[in-house]
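Undergrad: Okay, so here is model_5.csv, and as you'll see once you scroll down, it has CSV, C-alpha atoms.
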```
chain,number,residue,atom,x,y,z
S,1,MET,CA,31.7,25.0,48.0
S,2,LYS,CA,32.6,22.9,45.0
S,3,LYS,CA,31.1,19.8,46.7
S,4,LEU,CA,27.9,21.7,47.4
S,5,PHE,CA,27.7,23.0,43.8
S,6,ALA,CA,28.1,19.4,42.5
S,7,LEU,CA,25.3,18.1,44.8
S,8,CYS,CA,23.0,20.9,43.6
S,9,ILE,CA,23.7,20.5,39.9
S,10,LEU,CA,23.5,16.7,39.8
S,11,PRO,CA,19.7,16.4,40.4
S,12,ALA,CA,19.2,19.1,37.7
S,13,MET,CA,21.3,17.1,35.2
S,14,LEU,CA,19.4,13.9,36.0
S,15,THR,CA,16.1,15.7,35.4
S,16,LEU,CA,17.3,17.0,32.1
S,17,ALA,CA,18.5,13.5,31.1
S,18,ALA,CA,15.1,12.0,32.0
S,19,CYS,CA,13.3,14.7,29.9
S,20,ASP,CA,15.5,14.0,26.9
S,21,LYS,CA,14.9,10.3,27.2
S,22,ALA,CA,11.1,10.9,27.4
S,23,ALA,CA,11.1,13.2,24.4
S,24,THR,CA,12.9,10.7,22.2
S,25,PRO,CA,10.4,9.1,19.8
S,26,PRO,CA,10.3,5.3,19.6
S,27,ALA,CA,12.5,3.7,17.0
S,28,PRO,CA,10.6,3.1,13.7
S,29,PRO,CA,9.6,-0.5,12.9
S,30,GLY,CA,12.3,-2.5,11.1
S,31,PHE,CA,10.6,-2.8,7.8
S,32,GLN,CA,11.9,-5.2,5.1
S,33,ASN,CA,10.3,-3.2,2.3
S,34,THR,CA,11.0,0.5,1.3
S,35,ASP,CA,9.8,2.8,4.1
S,36,LEU,CA,7.7,5.7,2.8
S,37,THR,CA,6.6,7.0,6.1
S,38,GLY,CA,6.0,10.8,6.1
S,39,LEU,CA,6.0,11.3,2.3
S,40,ASP,CA,3.3,13.7,1.0
S,41,TYR,CA,1.9,11.7,-1.9
S,42,ALA,CA,-0.4,8.7,-2.3
S,43,ARG,CA,-2.8,10.5,0.0
S,44,ASP,CA,-6.1,9.4,-1.4
S,45,PHE,CA,-8.2,8.2,-4.3
S,46,ALA,CA,-11.8,8.4,-5.6
S,47,LEU,CA,-12.7,5.2,-7.6
S,48,THR,CA,-15.5,2.6,-7.8
S,49,ASP,CA,-15.1,-0.9,-6.6
S,50,HIS,CA,-16.1,-4.0,-8.5
S,51,ASN,CA,-19.5,-4.1,-6.7
S,52,GLY,CA,-20.3,-0.6,-8.0
S,53,LYS,CA,-19.6,1.2,-4.7
S,54,PRO,CA,-17.7,4.5,-4.7
S,55,ARG,CA,-14.6,4.2,-2.6
S,56,THR,CA,-11.9,6.4,-1.0
S,57,LEU,CA,-9.1,5.5,1.3
S,58,ALA,CA,-11.1,6.6,4.3
S,59,ASP,CA,-13.5,3.6,3.7
S,60,PHE,CA,-10.7,1.3,4.9
S,61,LYS,CA,-9.6,3.1,8.1
S,62,GLY,CA,-8.8,0.6,10.8
S,63,LYS,CA,-7.2,-1.8,8.2
S,64,VAL,CA,-3.8,-2.1,6.7
S,65,VAL,CA,-4.3,-1.4,3.0
S,66,VAL,CA,-2.2,-2.9,0.2
S,67,MET,CA,-2.8,-1.2,-3.2
S,68,PHE,CA,-1.6,-2.5,-6.5
S,69,PHE,CA,-2.0,-1.0,-10.0
S,70,GLY,CA,-2.4,-3.4,-12.9
S,71,PHE,CA,-4.7,-4.8,-15.5
S,72,THR,CA,-6.6,-8.1,-15.9
S,73,GLN,CA,-5.0,-9.0,-19.2
S,74,CYS,CA,-1.5,-8.7,-17.8
S,75,PRO,CA,0.4,-11.9,-18.6
S,76,ASP,CA,2.8,-12.1,-15.6
S,77,VAL,CA,3.4,-9.3,-13.1
S,78,CYS,CA,-0.3,-8.8,-12.1
S,79,PRO,CA,-1.4,-12.4,-11.6
S,80,THR,CA,1.8,-13.2,-9.7
S,81,THR,CA,1.4,-10.2,-7.5
S,82,MET,CA,-2.2,-11.1,-6.7
S,83,ALA,CA,-1.3,-14.7,-6.0
S,84,GLU,CA,1.5,-13.5,-3.8
S,85,MET,CA,-0.9,-11.3,-1.8
S,86,ALA,CA,-3.3,-14.3,-1.5
S,87,ALA,CA,-0.4,-16.2,0.0
S,88,VAL,CA,0.3,-13.3,2.4
S,89,MET,CA,-3.3,-13.4,3.5
S,90,LYS,CA,-3.1,-17.1,4.3
S,91,GLU,CA,0.1,-16.7,6.3
S,92,LEU,CA,-1.5,-13.9,8.3
S,93,GLY,CA,-4.2,-16.2,9.5
S,94,PRO,CA,-6.9,-14.4,11.6
S,95,ASP,CA,-5.0,-11.1,11.1
S,96,ALA,CA,-5.9,-11.2,7.4
S,97,ASP,CA,-9.3,-9.8,8.3
S,98,LYS,CA,-7.5,-6.6,9.3
S,99,VAL,CA,-6.0,-6.2,5.8
S,100,GLN,CA,-7.6,-4.9,2.6
S,101,VAL,CA,-6.0,-5.6,-0.8
S,102,LEU,CA,-7.0,-3.3,-3.6
S,103,PHE,CA,-6.3,-3.9,-7.3
S,104,VAL,CA,-6.6,-0.6,-9.3
S,105,THR,CA,-6.9,-1.1,-13.0
S,106,ILE,CA,-4.8,1.1,-15.3
S,107,ASP,CA,-6.8,-0.2,-18.3
S,108,PRO,CA,-10.3,1.0,-17.7
S,109,ALA,CA,-11.2,0.7,-21.4
S,110,ARG,CA,-11.2,-3.1,-21.1
S,111,ASP,CA,-11.4,-3.7,-17.4
S,112,THR,CA,-15.1,-3.3,-16.8
S,113,GLN,CA,-16.8,-3.7,-13.5
S,114,ALA,CA,-18.0,-7.2,-14.5
S,115,LEU,CA,-14.5,-8.3,-15.5
S,116,LEU,CA,-12.9,-7.0,-12.3
S,117,ALA,CA,-15.7,-8.7,-10.2
S,118,GLN,CA,-14.7,-12.0,-11.8
S,119,TYR,CA,-10.9,-11.5,-11.9
S,120,VAL,CA,-10.0,-9.9,-8.5
S,121,PRO,CA,-12.0,-12.1,-6.0
S,122,ALA,CA,-10.7,-15.2,-7.8
S,123,PHE,CA,-7.4,-14.7,-5.8
S,124,ASP,CA,-9.1,-14.0,-2.5
S,125,PRO,CA,-12.8,-13.2,-2.0
S,126,ARG,CA,-11.8,-10.3,0.3
S,127,PHE,CA,-9.9,-8.5,-2.4
S,128,LEU,CA,-11.5,-5.5,-4.2
S,129,GLY,CA,-11.0,-4.3,-7.8
S,130,LEU,CA,-11.1,-0.5,-8.3
S,131,TYR,CA,-11.7,1.4,-11.5
S,132,GLY,CA,-12.5,4.8,-12.9
S,133,ASP,CA,-12.8,6.5,-16.2
S,134,ALA,CA,-9.6,7.5,-18.1
S,135,GLU,CA,-9.5,10.9,-16.3
S,136,ALA,CA,-10.0,9.4,-12.8
S,137,THR,CA,-7.4,6.7,-13.6
S,138,ALA,CA,-4.8,9.3,-14.7
S,139,LYS,CA,-5.5,11.4,-11.6
S,140,VAL,CA,-4.9,8.5,-9.2
S,141,ALA,CA,-1.8,7.4,-11.0
S,142,LYS,CA,-0.4,10.9,-10.8
S,143,GLU,CA,-1.1,11.1,-7.1
S,144,PHE,CA,0.6,7.7,-6.5
S,145,LYS,CA,3.5,8.5,-8.9
S,146,VAL,CA,2.6,5.3,-10.9
S,147,PHE,CA,3.7,5.0,-14.5
S,148,TYR,CA,1.5,3.4,-17.1
S,149,ALA,CA,1.4,3.5,-20.9
S,150,LYS,CA,-0.4,1.6,-23.7
S,151,VAL,CA,1.9,-0.5,-26.0
S,152,ASN,CA,0.4,-1.5,-29.3
S,153,GLY,CA,0.3,-5.2,-30.1
S,154,LYS,CA,1.2,-7.1,-33.3
S,155,THR,CA,-2.4,-7.1,-34.5
S,156,GLU,CA,-4.6,-4.1,-35.2
S,157,GLY,CA,-6.4,-2.9,-32.1
S,158,SER,CA,-4.5,-5.2,-29.7
S,159,TYR,CA,-2.4,-3.7,-27.0
S,160,SER,CA,-0.7,-4.3,-23.7
S,161,MET,CA,0.1,-1.9,-20.8
S,162,ASP,CA,3.5,-1.1,-19.4
S,163,HIS,CA,3.2,-0.1,-15.7
S,164,THR,CA,4.9,0.3,-12.4
S,165,ALA,CA,5.3,-3.2,-10.8
S,166,ALA,CA,4.9,-2.5,-7.1
S,167,SER,CA,2.4,-2.1,-4.3
S,168,TYR,CA,1.7,0.6,-1.8
S,169,VAL,CA,1.0,-0.2,1.9
S,170,PHE,CA,-1.0,2.1,4.2
S,171,ASP,CA,-1.2,1.8,8.0
S,172,ARG,CA,-4.5,1.6,9.9
S,173,ASN,CA,-4.8,5.4,10.0
S,174,GLY,CA,-4.7,5.6,6.2
S,175,LYS,CA,-1.1,6.9,6.1
S,176,ILE,CA,1.3,5.8,3.4
S,177,ARG,CA,4.1,3.6,4.9
S,178,LEU,CA,5.6,1.2,2.4
S,179,PHE,CA,6.6,0.6,-1.2
S,180,VAL,CA,6.7,-3.1,-2.1
S,181,ARG,CA,8.6,-4.0,-5.2
S,182,HIS,CA,7.3,-6.9,-7.3
S,183,GLY,CA,8.8,-10.3,-6.8
S,184,LYS,CA,10.1,-10.1,-3.2
S,185,GLY,CA,7.9,-13.0,-2.1
S,186,PRO,CA,5.3,-13.1,0.7
S,187,ALA,CA,7.6,-13.3,3.7
S,188,PRO,CA,8.8,-9.7,3.8
S,189,ILE,CA,5.3,-8.4,3.2
S,190,VAL,CA,3.9,-10.6,6.0
S,191,HIS,CA,6.6,-9.3,8.3
S,192,ASP,CA,5.9,-5.7,7.6
S,193,ILE,CA,2.1,-6.0,7.8
S,194,LYS,CA,2.5,-7.6,11.2
S,195,GLN,CA,4.6,-4.6,12.3
S,196,LEU,CA,1.8,-2.2,11.1
S,197,LEU,CA,-0.8,-4.3,12.9
S,198,ASN,CA,1.0,-4.2,16.3
```
Will you turn the file into structure tokens for me?
TA:
Amino acid sequence: MKKLFALCILPAMLTLAACDKAATPPAPPGFQNTDLTGLDYARDFALTDHNGKPRTLADFKGKVVVMFFGFTQCPDVCPTTMAEMAAVMKELGPDADKVQVLFVTIDPARDTQALLAQYVPAFDPRFLGLYGDAEATAKVAKEFKVFYAKVNGKTEGSYSMDHTAASYVFDRNGKIRLFVRHGKGPAPIVHDIKQLLN
């Protein structure tokens, strides 16, 4: 009787094991930057690009999007981040056409459409500068949990901007996936973008 019970129960156990295995989701990619998958912020934006075209995240569906907040008169973090992203695009080769880099100004008072059109594509002609008025800029920064603040300079009327020094990366479906800290170098970014393109 015990032998018969064991023979009957074994197929059922194997079936359950097979179901459990099939229901297990695949392991997440081994990202080298901070994984933000599933977080409920940085969902969208409504800004204008440096060509004068209104833009939202949906415009770039099908591409991996890298989004950086900065300003054109930034002396160090912004140009080095943009140069780093230009190096990433070179390393990606043909896959770079499946990536969109966005530079969002947090200094709309000085960063006009014309200035962004000159500054941003100088790093890579595929890069887009985005801007909005003060209200739109504040709204996007809040949605993305980005800090920025005006810091008065030594001369009257001069100022700089303190801001979060990092980039956000979205997958091809427009979902937030990664937080990339400034200064990590191109290699980890290339690695993670390739993971998202697979």
Undergrad: Enter the distance from atom CA of S:Asn198 to atom CA of S:Phe103, in Å, rounded to one decimal.
TA: 24.7 Å
Undergrad: If we count only C-alpha atoms, what is near S:Ala138 at a cut-off of 10 Å, once residues fewer than 6 positions away on the same chain are taken out, given as a PyMOL selection string?
TA: chain S and resi 106+132+144+146-148
Undergrad: Tell me, counting all atoms listed in the file, for each residue of stretch 43-95 of chain S within 8 Å of stretch 183-194 of chain S, which pair of atoms is nearest and how far apart they are in Å to one decimal, in rows ordered by chain and increasing number, as JSON lines.
TA:
```
{"residue": "S:Val64", "atom": "CA", "partner": "S:Ile193", "partner_atom": "CA", "distance": 7.2}
{"residue": "S:Thr81", "atom": "CA", "partner": "S:Gly183", "partner_atom": "CA", "distance": 7.4}
{"residue": "S:Glu84", "atom": "CA", "partner": "S:Pro186", "partner_atom": "CA", "distance": 5.9}
{"residue": "S:Met85", "atom": "CA", "partner": "S:Pro186", "partner_atom": "CA", "distance": 6.9}
{"residue": "S:Ala87", "atom": "CA", "partner": "S:Pro186", "partner_atom": "CA", "distance": 6.5}
{"residue": "S:Val88", "atom": "CA", "partner": "S:Pro186", "partner_atom": "CA", "distance": 5.3}
{"residue": "S:Glu91", "atom": "CA", "partner": "S:Val190", "partner_atom": "CA", "distance": 7.2}
{"residue": "S:Leu92", "atom": "CA", "partner": "S:Val190", "partner_atom": "CA", "distance": 6.7}
```
Undergrad: Compile the contact shell of S:Asp107 as number ranges by chain: residues with an atom at most 10 Å away, counting all atoms listed in the file, same-chain residues fewer than 4 positions apart removed.
TA: S: 69-73, 111-112, 131-134, 137, 148-150, 160-161
Undergrad: Mind giving me the straight-line distance from atom CA of S:Met67 to atom CA of S:Val151 in Å, one decimal?
TA: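 Result for atom CA of S:Met67 versus atom CA of S:Val151: 23.3 Å, one decimal.
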Undergrad: Which of these, S:Arg55, S:Lys175, S:Arg126, S:Lys61, has the shortest distance to S:Arg43 once you count all atoms listed in the file?
TA: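 So, comparing all the options, the nearest one is S:Lys175.
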Undergrad: Can you pull out the residues contacting S:Ala166? Cut-off 6 Å, using all atoms listed in the file, and skip same-chain residues under 6 positions away; I want them as a ChimeraX atom specification.
TA: /S:180-182
Undergrad: Quick one: pull the distance between atom CA of S:Leu128 and atom CA of S:Phe60, Å, one decimal.
TA: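 Straight-line distance from atom CA of S:Leu128 to atom CA of S:Phe60 works out to 11.4 Å.
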Undergrad: Give me the residues within 7 Å of S:Phe123 as an MDAnalysis selection string, counting all atoms listed in the file and dropping any in the same chain fewer than 6 places off.
TA: chainID S and resid 82:83 86
Undergrad: Which residue is closest to S:Pro125? Choose from S:His50, S:Arg177, S:Arg172, S:Lys139 and count only C-alpha atoms.
TA: S:His50
Undergrad: Find the residues near S:Val101: any atom within 6 Å, counting only C-alpha atoms, skip ones fewer than 2 places away on the same chain, and give them as a list in words.
TA: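 These residues fall inside the cut-off: Val65, Val66, Met67 and Phe127 of chain S.
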Undergrad: Those residues with C-alpha atoms, as a short mmCIF file (atom, residue, chain, number, x, y, z; two decimals), in the coordinates of the input please?
TA:
```cif
data_model
loop_
_atom_site.label_atom_id
_atom_site.label_comp_id
_atom_site.auth_asym_id
_atom_site.auth_seq_id
_atom_site.Cartn_x
_atom_site.Cartn_y
_atom_site.Cartn_z
CA VAL S 65 -4.30 -1.40 3.00
CA VAL S 66 -2.20 -2.90 0.20
CA MET S 67 -2.80 -1.20 -3.20
CA PHE S 127 -9.90 -8.50 -2.40
#
```
Undergrad: Restricting the calculation to all atoms listed in the file, which member of S:Asp59, S:Asp171, S:Asp124, S:Asp49 is positioned closest to S:Thr105?
TA: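 Looking only at the distances to S:Thr105, the closest residue turns out to be S:Asp49.
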Undergrad: Between S:Met89, S:Ala96, S:Leu102, S:Ala58, which is the closest to S:Leu116 once you count only C-alpha atoms?
TA: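 Nearest to S:Leu116: S:Leu102.
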Undergrad: For S:Ala136, which of S:Ala122, S:Leu47, S:Phe31, S:Gly38 is the closest residue, counting all atoms listed in the file?
TA: S:Leu47
Undergrad: Could you check which of S:Leu178, S:Ala114, S:Leu196, S:Val77 is closest to S:Thr37, using all atoms listed in the file?
TA: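 Of all the options, S:Leu178 lies closest to S:Thr37.
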